[in-house]
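See structure below.
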Amino acid sequence: MNQILYGLPFVIAGIFQLYEFVVFVYCIMTFIPRLYQSSFGQIVARLVEPFFNAIKKVIPTTFGMIDFSPLIALIILELVQKVIFWII
């Protein structure tokens, strides 16, 4: 049981890092329309856009033509990760 509890923070950190990477890939894809419209792009969009839409409902994230929801999403992910590790 101690081995599971010892490895749990590494698993949680890995999941957060993977999702942060997916957010980063989504940001890069928005500059490449062909990649954004591919099947890979649609999978990435389905993973990330619900989180962005939830953020947009709470905080106005668009200023002019720039959408800051990915940046806010990364900040929220980091804060949630720190809170989880503080609790553990």
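For the structure tokens, the naming scheme is as follows: chains receive sequential letters (A, B, ...) according to their order of presentation, residues are indexed from 1 within each chain, and ligands are indexed from 1 in presentation order.
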**Message:** When you look at Thr61 in chain A with a cut-off of 12 Å (counting only C-alpha atoms), what residues show up, excluding the ones that are within fewer than 5 positions of it in the same chain? I need them as a list in words.
**Reply:**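 Contacts, in chain order: Phe52, Asn53, Ala54, Ile55, Lys56, Ile66, Asp67, Phe68, Ser69, Pro70, Leu71, Ile72 and Ala73 of chain A.
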**Prompt:** So which bits of chain A end up strand (DSSP E) when you DSSP the backbone, as JSON, numbers by chain?
**Reply:** {"A": [62, 63, 66, 67]}
**Asked** Got a sec: who's within 10 Å of range 16-31 of chain A, counting only C-alpha atoms, leaving out chain neighbours fewer than 2 positions off, as a ChimeraX atom specification?
**Response** /A:10-14,33-38,40-45,47-49,51-52,70-71,73-75,77-78,80-81
**helix (DSSP H, G or I) positions in chain A, given as a PyMOL selection string** = chain A and resi 2-29+33-36+39-58+69-87
Only C-alpha atoms, please: the residues just picked out, written as a compact mmCIF listing (two decimals), in the first residue's frame.
# COMPACT_ATOMS: atom_id res chain seq x y z
CA ASN A 2 2.86 2.38 0.75
CA GLN A 3 4.24 1.85 -2.75
CA ILE A 4 0.94 2.94 -4.27
CA LEU A 5 0.84 6.08 -2.11
CA TYR A 6 4.47 6.79 -2.95
CA GLY A 7 3.80 6.60 -6.70
CA LEU A 8 0.49 8.48 -6.66
CA PRO A 9 2.01 11.99 -6.85
CA PHE A 10 4.03 10.95 -9.91
CA VAL A 11 0.91 9.65 -11.64
CA ILE A 12 -1.06 12.80 -10.82
CA ALA A 13 1.79 15.03 -11.99
CA GLY A 14 2.06 13.02 -15.20
CA ILE A 15 -1.65 13.43 -15.94
CA PHE A 16 -1.48 17.18 -15.38
CA GLN A 17 1.63 17.49 -17.56
CA LEU A 18 -0.03 15.48 -20.32
CA TYR A 19 -3.12 17.71 -20.28
CA GLU A 20 -0.94 20.84 -20.26
CA PHE A 21 0.87 19.46 -23.30
CA VAL A 22 -2.49 18.87 -25.04
CA VAL A 23 -3.44 22.51 -24.32
CA PHE A 24 -0.11 23.61 -25.81
CA VAL A 25 -0.65 21.45 -28.91
CA TYR A 26 -4.12 22.96 -29.30
CA CYS A 27 -2.63 26.46 -29.22
CA ILE A 28 -0.12 25.55 -31.92
CA MET A 29 -2.86 23.91 -34.00
CA PRO A 33 -5.73 25.36 -40.07
CA ARG A 34 -5.04 22.12 -41.90
CA LEU A 35 -3.80 20.43 -38.75
CA TYR A 36 -6.70 21.88 -36.75
CA SER A 39 -8.84 13.95 -37.18
CA PHE A 40 -5.97 14.46 -34.72
CA GLY A 41 -6.97 18.10 -34.37
CA GLN A 42 -10.59 17.16 -33.72
CA ILE A 43 -9.54 14.77 -30.93
CA VAL A 44 -7.39 17.44 -29.32
CA ALA A 45 -10.20 19.99 -29.65
CA ARG A 46 -12.68 17.60 -27.99
CA LEU A 47 -10.30 17.19 -25.07
CA VAL A 48 -9.61 20.88 -24.53
CA GLU A 49 -12.57 22.96 -25.70
CA PRO A 50 -15.01 21.93 -22.91
CA PHE A 51 -12.51 23.22 -20.34
CA PHE A 52 -12.03 26.44 -22.31
CA ASN A 53 -15.79 26.92 -22.64
CA ALA A 54 -16.23 26.50 -18.88
CA ILE A 55 -13.59 29.15 -18.31
CA LYS A 56 -15.24 31.48 -20.84
CA LYS A 57 -18.56 31.22 -18.98
CA VAL A 58 -16.95 32.49 -15.77
CA SER A 69 -8.52 31.05 -22.29
CA PRO A 70 -5.56 28.67 -22.93
CA LEU A 71 -3.33 30.80 -20.71
CA ILE A 72 -5.97 30.93 -17.98
CA ALA A 73 -6.48 27.17 -18.36
CA LEU A 74 -2.76 26.53 -17.80
CA ILE A 75 -2.78 28.76 -14.72
CA ILE A 76 -5.83 26.95 -13.33
CA LEU A 77 -4.21 23.56 -13.98
CA GLU A 78 -1.07 24.61 -12.13
CA LEU A 79 -3.07 25.93 -9.17
CA VAL A 80 -5.19 22.78 -8.94
CA GLN A 81 -2.08 20.63 -9.12
CA LYS A 82 -0.43 22.60 -6.31
CA VAL A 83 -3.55 22.33 -4.14
CA ILE A 84 -3.72 18.57 -4.71
CA PHE A 85 -0.06 18.14 -3.77
CA TRP A 86 -0.54 20.35 -0.73
CA ILE A 87 -3.40 18.10 0.40
